[in-house]
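Here's target26.cif, which has mmCIF, C-alpha atoms:
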```cif
data_coords
#
loop_
_atom_site.group_PDB
_atom_site.id
_atom_site.type_symbol
_atom_site.label_atom_id
_atom_site.label_comp_id
_atom_site.auth_asym_id
_atom_site.auth_seq_id
_atom_site.Cartn_x
_atom_site.Cartn_y
_atom_site.Cartn_z
ATOM 1 C CA MET L 2 -13.856 -13.757 -48.367
ATOM 2 C CA THR L 3 -10.257 -13.202 -47.318
ATOM 3 C CA MET L 4 -8.977 -14.814 -44.171
ATOM 4 C CA THR L 5 -6.648 -13.064 -41.766
ATOM 5 C CA LYS L 6 -3.479 -15.002 -41.235
ATOM 6 C CA VAL L 7 -2.962 -15.926 -37.605
ATOM 7 C CA PRO L 8 0.714 -15.817 -36.566
ATOM 8 C CA THR L 9 1.981 -19.079 -35.114
ATOM 9 C CA ALA L 10 5.198 -20.389 -33.673
ATOM 10 C CA THR L 11 6.014 -21.931 -37.064
ATOM 11 C CA ASP L 12 6.848 -18.423 -38.279
ATOM 12 C CA PRO L 13 10.636 -18.250 -37.675
ATOM 13 C CA ASP L 14 10.634 -14.775 -36.154
ATOM 14 C CA LEU L 15 7.686 -15.469 -33.847
ATOM 15 C CA ARG L 16 8.817 -18.642 -32.093
ATOM 16 C CA PRO L 17 11.302 -16.791 -29.829
ATOM 17 C CA ARG L 18 8.660 -14.112 -29.216
ATOM 18 C CA ALA L 19 6.145 -16.770 -28.187
ATOM 19 C CA GLY L 20 8.693 -18.088 -25.707
ATOM 20 C CA ALA L 21 9.260 -14.576 -24.399
ATOM 21 C CA LEU L 22 5.502 -14.089 -24.002
ATOM 22 C CA ILE L 23 5.214 -17.298 -21.982
ATOM 23 C CA ALA L 24 8.217 -16.552 -19.772
ATOM 24 C CA GLY L 25 7.199 -12.926 -19.345
ATOM 25 C CA GLY L 26 3.626 -13.750 -18.421
ATOM 26 C CA VAL L 27 4.688 -16.352 -15.864
ATOM 27 C CA LEU L 28 7.322 -14.065 -14.303
ATOM 28 C CA PHE L 29 4.859 -11.181 -14.189
ATOM 29 C CA ALA L 30 2.300 -13.358 -12.394
ATOM 30 C CA VAL L 31 4.827 -14.877 -9.975
ATOM 31 C CA GLY L 32 6.444 -11.533 -9.173
ATOM 32 C CA ASN L 33 3.127 -9.932 -8.342
ATOM 33 C CA ALA L 34 2.087 -12.953 -6.269
ATOM 34 C CA LEU L 35 5.215 -12.389 -4.147
ATOM 35 C CA HIS L 36 4.367 -8.719 -3.587
ATOM 36 C CA PRO L 37 3.085 -7.674 -0.131
ATOM 37 C CA LEU L 38 -0.540 -6.534 0.030
ATOM 38 C CA GLU L 39 0.434 -2.895 0.486
ATOM 39 C CA HIS L 40 3.284 -0.443 0.137
ATOM 40 C CA SER L 41 4.609 0.429 3.581
ATOM 41 C CA GLU L 42 7.886 0.687 5.464
ATOM 42 C CA ALA L 43 7.232 -2.761 6.915
ATOM 43 C CA ALA L 44 6.540 -4.204 3.460
ATOM 44 C CA GLU L 45 9.830 -2.809 2.159
ATOM 45 C CA GLN L 46 11.652 -4.908 4.757
ATOM 46 C CA SER L 47 9.870 -8.133 3.794
ATOM 47 C CA ALA L 48 11.887 -11.024 2.390
ATOM 48 C CA THR L 49 10.029 -10.974 -0.943
ATOM 49 C CA TRP L 50 10.063 -7.200 -1.613
ATOM 50 C CA ALA L 51 13.092 -7.069 -3.928
ATOM 51 C CA ALA L 52 12.375 -10.447 -5.543
ATOM 52 C CA ALA L 53 8.787 -9.453 -6.314
ATOM 53 C CA HIS L 54 9.678 -6.208 -8.074
ATOM 54 C CA LEU L 55 12.665 -7.567 -9.983
ATOM 55 C CA THR L 56 10.691 -10.617 -11.098
ATOM 56 C CA PHE L 57 7.612 -8.821 -12.415
ATOM 57 C CA GLY L 58 9.785 -6.037 -13.864
ATOM 58 C CA THR L 59 11.688 -8.610 -15.921
ATOM 59 C CA GLY L 60 8.414 -10.282 -16.847
ATOM 60 C CA ALA L 61 6.985 -7.001 -18.118
ATOM 61 C CA VAL L 62 9.896 -6.491 -20.516
ATOM 62 C CA LEU L 63 9.627 -10.052 -21.817
ATOM 63 C CA MET L 64 5.878 -9.642 -22.360
ATOM 64 C CA ALA L 65 6.607 -6.543 -24.443
ATOM 65 C CA VAL L 66 9.055 -8.575 -26.552
ATOM 66 C CA GLY L 67 6.378 -11.214 -27.130
ATOM 67 C CA LEU L 68 3.472 -8.865 -27.892
ATOM 68 C CA PRO L 69 3.833 -9.094 -31.709
ATOM 69 C CA VAL L 70 2.717 -12.739 -31.440
ATOM 70 C CA LEU L 71 -0.685 -11.429 -30.344
ATOM 71 C CA LEU L 72 -1.027 -8.153 -32.171
ATOM 72 C CA THR L 73 0.055 -9.188 -35.660
ATOM 73 C CA ALA L 74 -3.202 -11.133 -35.997
ATOM 74 C CA TRP L 75 -5.244 -7.912 -35.950
ATOM 75 C CA ARG L 76 -2.686 -5.736 -37.703
ATOM 76 C CA ASP L 77 -3.075 -7.695 -40.942
ATOM 77 C CA GLY L 78 -6.870 -7.642 -40.779
ATOM 78 C CA LYS L 79 -9.456 -5.070 -41.817
ATOM 79 C CA GLY L 80 -11.606 -2.586 -39.934
ATOM 80 C CA TRP L 81 -11.051 -0.756 -36.684
ATOM 81 C CA PRO L 82 -9.394 -3.663 -34.802
ATOM 82 C CA ALA L 83 -6.333 -3.238 -37.034
ATOM 83 C CA LYS L 84 -5.977 0.425 -36.047
ATOM 84 C CA VAL L 85 -6.816 -0.186 -32.400
ATOM 85 C CA SER L 86 -4.284 -3.010 -32.141
ATOM 86 C CA ALA L 87 -1.595 -0.652 -33.438
ATOM 87 C CA ALA L 88 -2.452 1.837 -30.692
ATOM 88 C CA ALA L 89 -2.497 -0.963 -28.120
ATOM 89 C CA ARG L 90 0.963 -2.052 -29.212
ATOM 90 C CA VAL L 91 2.424 1.417 -28.635
ATOM 91 C CA LEU L 92 0.717 1.918 -25.266
ATOM 92 C CA LEU L 93 1.611 -1.539 -23.978
ATOM 93 C CA PHE L 94 5.206 -1.230 -25.121
ATOM 94 C CA VAL L 95 5.566 2.050 -23.226
ATOM 95 C CA GLY L 96 3.846 0.684 -20.140
ATOM 96 C CA LEU L 97 5.722 -2.630 -20.073
ATOM 97 C CA THR L 98 9.212 -1.388 -20.952
ATOM 98 C CA VAL L 99 9.231 2.017 -19.259
ATOM 99 C CA ALA L 100 6.614 2.423 -16.529
ATOM 100 C CA ILE L 101 6.854 -0.973 -14.828
ATOM 101 C CA PRO L 102 10.645 -1.548 -14.925
ATOM 102 C CA ILE L 103 11.392 2.002 -13.736
ATOM 103 C CA GLY L 104 8.814 1.681 -10.973
ATOM 104 C CA ALA L 105 10.260 -1.674 -9.912
ATOM 105 C CA TYR L 106 13.798 -0.271 -9.838
ATOM 106 C CA HIS L 107 12.641 2.697 -7.767
ATOM 107 C CA GLU L 108 10.890 0.502 -5.206
ATOM 108 C CA VAL L 109 13.877 -1.811 -4.767
ATOM 109 C CA TYR L 110 16.840 0.566 -4.887
ATOM 110 C CA VAL L 111 15.447 4.017 -4.057
ATOM 111 C CA ALA L 112 12.260 3.909 -1.987
ATOM 112 C CA SER L 113 13.727 1.542 0.599
ATOM 113 C CA ARG L 114 16.398 4.150 1.407
ATOM 114 C CA LEU L 115 13.971 7.032 1.897
ATOM 115 C CA SER L 116 11.662 8.085 4.686
ATOM 116 C CA HIS L 117 7.896 7.937 4.195
ATOM 117 C CA HIS L 118 7.803 11.736 3.864
ATOM 118 C CA GLU L 119 10.500 11.722 1.180
ATOM 119 C CA GLN L 120 8.764 8.952 -0.748
ATOM 120 C CA THR L 121 5.475 10.847 -0.713
ATOM 121 C CA ALA L 122 7.168 14.008 -1.971
ATOM 122 C CA ILE L 123 8.823 12.125 -4.841
ATOM 123 C CA GLU L 124 5.588 10.382 -5.812
ATOM 124 C CA GLU L 125 3.710 13.682 -5.925
ATOM 125 C CA ALA L 126 6.448 15.330 -7.996
ATOM 126 C CA ALA L 127 6.572 12.391 -10.423
ATOM 127 C CA LEU L 128 2.793 12.068 -10.835
ATOM 128 C CA PRO L 129 2.615 14.121 -14.093
ATOM 129 C CA VAL L 130 4.949 11.529 -15.651
ATOM 130 C CA ASN L 131 4.030 8.353 -13.805
ATOM 131 C CA GLY L 132 0.281 8.910 -14.182
ATOM 132 C CA PRO L 133 0.249 8.825 -18.005
ATOM 133 C CA LEU L 134 2.720 5.933 -18.050
ATOM 134 C CA ALA L 135 0.511 3.869 -15.755
ATOM 135 C CA ALA L 136 -2.523 4.817 -17.843
ATOM 136 C CA ALA L 137 -0.726 3.608 -20.982
ATOM 137 C CA PHE L 138 -0.382 0.141 -19.439
ATOM 138 C CA LEU L 139 -4.052 -0.045 -18.427
ATOM 139 C CA VAL L 140 -5.539 1.495 -21.575
ATOM 140 C CA GLY L 141 -3.324 -0.669 -23.754
ATOM 141 C CA PHE L 142 -4.777 -3.839 -22.249
ATOM 142 C CA LEU L 143 -8.314 -2.481 -22.579
ATOM 143 C CA LEU L 144 -7.706 -1.852 -26.294
ATOM 144 C CA LEU L 145 -6.259 -5.338 -26.681
ATOM 145 C CA ALA L 146 -9.343 -6.763 -24.974
ATOM 146 C CA GLY L 147 -11.579 -4.725 -27.284
ATOM 147 C CA CYS L 148 -9.894 -6.255 -30.318
ATOM 148 C CA ALA L 149 -10.380 -9.754 -28.905
ATOM 149 C CA LEU L 150 -14.066 -9.120 -28.211
ATOM 150 C CA ALA L 151 -14.761 -7.647 -31.640
ATOM 151 C CA ALA L 152 -12.572 -10.005 -33.660
ATOM 152 C CA PRO L 153 -11.511 -13.025 -31.571
ATOM 153 C CA ARG L 154 -8.346 -14.843 -32.585
ATOM 154 C CA PRO L 155 -7.168 -18.345 -31.661
ATOM 155 C CA LEU L 156 -4.452 -16.936 -29.399
ATOM 156 C CA LEU L 157 -6.720 -14.528 -27.511
ATOM 157 C CA GLY L 158 -10.477 -14.987 -27.569
ATOM 158 C CA ARG L 159 -13.392 -13.485 -25.701
ATOM 159 C CA VAL L 160 -12.690 -15.285 -22.413
ATOM 160 C CA GLY L 161 -9.180 -13.866 -22.282
ATOM 161 C CA ALA L 162 -10.562 -10.449 -23.189
ATOM 162 C CA VAL L 163 -13.023 -10.546 -20.285
ATOM 163 C CA VAL L 164 -10.239 -11.519 -17.878
ATOM 164 C CA LEU L 165 -8.153 -8.565 -19.102
ATOM 165 C CA ILE L 166 -11.041 -6.133 -18.663
ATOM 166 C CA VAL L 167 -11.837 -7.337 -15.137
ATOM 167 C CA ALA L 168 -8.133 -7.206 -14.261
ATOM 168 C CA VAL L 169 -7.752 -3.636 -15.515
ATOM 169 C CA LEU L 170 -10.860 -2.473 -13.655
ATOM 170 C CA ALA L 171 -9.566 -4.087 -10.451
ATOM 171 C CA MET L 172 -6.152 -2.452 -10.803
ATOM 172 C CA ALA L 173 -7.533 0.949 -11.730
ATOM 173 C CA GLY L 174 -10.099 1.024 -8.934
ATOM 174 C CA ALA L 175 -8.057 -0.657 -6.203
ATOM 175 C CA GLU L 176 -7.538 2.561 -4.240
ATOM 176 C CA GLY L 177 -11.264 3.065 -3.790
ATOM 177 C CA LEU L 178 -12.202 -0.575 -3.176
ATOM 178 C CA PRO L 179 -12.494 -2.200 0.275
ATOM 179 C CA GLY L 180 -9.424 -3.649 1.953
ATOM 180 C CA ALA L 181 -5.773 -3.349 1.020
ATOM 181 C CA GLU L 182 -5.006 -2.372 -2.571
ATOM 182 C CA GLY L 183 -3.079 -5.604 -2.990
ATOM 183 C CA TRP L 184 -6.268 -7.637 -2.669
ATOM 184 C CA TRP L 185 -7.317 -6.165 -6.025
ATOM 185 C CA ILE L 186 -4.072 -5.293 -7.824
ATOM 186 C CA ILE L 187 -2.291 -8.596 -7.235
ATOM 187 C CA PRO L 188 -5.048 -10.852 -8.665
ATOM 188 C CA GLY L 189 -5.444 -8.409 -11.561
ATOM 189 C CA THR L 190 -1.769 -8.499 -12.488
ATOM 190 C CA ILE L 191 -1.652 -12.275 -12.075
ATOM 191 C CA GLY L 192 -4.624 -12.556 -14.430
ATOM 192 C CA VAL L 193 -2.921 -10.386 -17.051
ATOM 193 C CA GLY L 194 0.278 -12.414 -16.859
ATOM 194 C CA LEU L 195 -1.484 -15.756 -17.173
ATOM 195 C CA VAL L 196 -3.660 -14.638 -20.096
ATOM 196 C CA LEU L 197 -0.580 -13.578 -22.052
ATOM 197 C CA ALA L 198 1.379 -16.684 -21.068
ATOM 198 C CA LEU L 199 -1.461 -18.935 -22.265
ATOM 199 C CA ALA L 200 -1.546 -17.051 -25.559
ATOM 200 C CA GLY L 201 2.149 -17.806 -25.966
ATOM 201 C CA VAL L 202 1.532 -21.488 -25.250
ATOM 202 C CA ARG L 203 -1.209 -21.575 -27.887
ATOM 203 C CA ALA L 204 1.184 -20.014 -30.394
ATOM 204 C CA LEU L 205 3.762 -22.735 -29.788
ATOM 205 C CA ARG L 206 1.122 -25.456 -30.159
ATOM 206 C CA ALA L 207 -0.472 -23.988 -33.297
#
```
Please express what this file holds, its structure, as structure tokens.
Amino acid sequence: MTMTKVPTATDPDLRPRAGALIAGGVLFAVGNALHPLEHSEAAEQSATWAAAHLTFGTGAVLMAVGLPVLLTAWRDGKGWPAKVSAAARVLLFVGLTVAIPIGAYHEVYVASRLSHHEQTAIEEAALPVNGPLAAAFLVGFLLLAGCALAAPRPLLGRVGAVVLIVAVLAMAGAEGLPGAEGWWIIPGTIGVGLVLALAGVRALRA
């Protein structure tokens, strides 16, 4: 029986990526923890508004840089997890490097200068683009979780997969759940960031 090689921080090209995964996950979690519970004109004037978006936007990019540390483990294996992990890599890269940073930039430097009516009009006009980009982020993490459930790896096992699934469901359904959306989205994004950061830590310790 052949064994799938698990990438570790001893691989020269993966040590910096493991560091990026740790830093990115922590920044993503911290940035979202700083975010107000809702998007409103009052929230845009809060002391943490800009810091929150710039922090988790930077974290998202760093997580994308570190993703190969996780996904190489399934890529070199056999069966459907190898194909699914390749799809997850593309979707997560798009979501983490395009959707989140652009959204963060818009909230900090554009939305705060517009009226509520203008913001709503822009959001509606951008929905055909922003909708698929946001879906790429969520679906990508679901695919990653599916790989971890079907073929657990030392860096991301079934517990991490369950956390990712619960986080995605919370983020996707936040609009229809009780209370402010932030009560659901913020814990979900913090969970995602910490799961990826812990995977980076495991890679460095391997």
Can you check which parts of segment 15-40 of chain L lie within 6 Å of segment 53-75 of chain L? Per residue, the shortest pair of atoms and distance in Å to one decimal, counting all atoms listed in the file, sorted by chain and number, as a tab-separated table.
```
residue	atom	partner	partner_atom	distance
L:Arg18	CA	L:Gly67	CA	4.2
L:Ala19	CA	L:Gly67	CA	5.7
L:Ala21	CA	L:Gly67	CA	5.2
L:Leu22	CA	L:Gly67	CA	4.3
L:Gly25	CA	L:Gly60	CA	3.8
L:Leu28	CA	L:Gly60	CA	4.7
L:Phe29	CA	L:Phe57	CA	4.0
L:Gly32	CA	L:Ala53	CA	4.2
L:Leu35	CA	L:Ala53	CA	5.1
L:His36	CA	L:Ala53	CA	5.2
```
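Every residue that the PyMOL selection byres ((chain L and resi 175) around 12) selects in this file is listed here: Leu38, Glu39, Val167, Ala168, Val169, Leu170, Ala171, Met172, Ala173, Gly174, Glu176, Gly177, Leu178, Pro179, Gly180, Ala181, Glu182, Gly183, Trp184, Trp185, Ile186, Ile187, Pro188, Gly189 and Thr190 of chain L.
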Subject >> Polymer residues at most 9 Å from (0.0, -17.7, -31.7) by all atoms listed in the file, as a VMD selection string >> reply: chain L and resid 7 to 10 15 to 16 19 70 to 71 74 154 to 157 200 to 207
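Taking all atoms listed in the file into account, Gly132 of chain L lies nearest to L:Gly96 out of the set L:Gly147, L:Gly96, L:Val111, L:Ala162.
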**OP:** Go ahead and compute the interatomic distance for atom CA of Ile23 of chain L and atom CA of Phe138 of chain L, in Å to one decimal.
**Re:** 18.5 Å
Which residues are near segment 163-165 of chain L? Cut-off 10 Å, all atoms listed in the file, ignore same chain within fewer than 4 positions. Put them as a PDB file with C-alpha atoms, keeping the file's coordinate frame.
```pdb
ATOM      1  CA  LEU L 139      -4.052  -0.045 -18.427  1.00  0.00           C
ATOM      2  CA  PHE L 142      -4.777  -3.839 -22.249  1.00  0.00           C
ATOM      3  CA  LEU L 143      -8.314  -2.481 -22.579  1.00  0.00           C
ATOM      4  CA  LEU L 144      -7.706  -1.852 -26.294  1.00  0.00           C
ATOM      5  CA  LEU L 145      -6.259  -5.338 -26.681  1.00  0.00           C
ATOM      6  CA  ALA L 146      -9.343  -6.763 -24.974  1.00  0.00           C
ATOM      7  CA  GLY L 147     -11.579  -4.725 -27.284  1.00  0.00           C
ATOM      8  CA  ALA L 149     -10.380  -9.754 -28.905  1.00  0.00           C
ATOM      9  CA  LEU L 150     -14.066  -9.120 -28.211  1.00  0.00           C
ATOM     10  CA  GLY L 158     -10.477 -14.987 -27.569  1.00  0.00           C
ATOM     11  CA  ARG L 159     -13.392 -13.485 -25.701  1.00  0.00           C
ATOM     12  CA  VAL L 169      -7.752  -3.636 -15.515  1.00  0.00           C
ATOM     13  CA  LEU L 170     -10.860  -2.473 -13.655  1.00  0.00           C
ATOM     14  CA  ALA L 171      -9.566  -4.087 -10.451  1.00  0.00           C
ATOM     15  CA  GLY L 189      -5.444  -8.409 -11.561  1.00  0.00           C
ATOM     16  CA  THR L 190      -1.769  -8.499 -12.488  1.00  0.00           C
ATOM     17  CA  GLY L 192      -4.624 -12.556 -14.430  1.00  0.00           C
ATOM     18  CA  VAL L 193      -2.921 -10.386 -17.051  1.00  0.00           C
ATOM     19  CA  GLY L 194       0.278 -12.414 -16.859  1.00  0.00           C
ATOM     20  CA  LEU L 195      -1.484 -15.756 -17.173  1.00  0.00           C
ATOM     21  CA  VAL L 196      -3.660 -14.638 -20.096  1.00  0.00           C
ATOM     22  CA  LEU L 197      -0.580 -13.578 -22.052  1.00  0.00           C
TER      23      LEU L 197
END
```
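Counting from atom CA of Pro102 of chain L, the distance to atom CA of Gln46 of chain L is 20.0 Å.
One distance worth recording is that between atom CA of Thr49 of chain L and atom CA of Gln120 of chain L, which is 20.0 Å.
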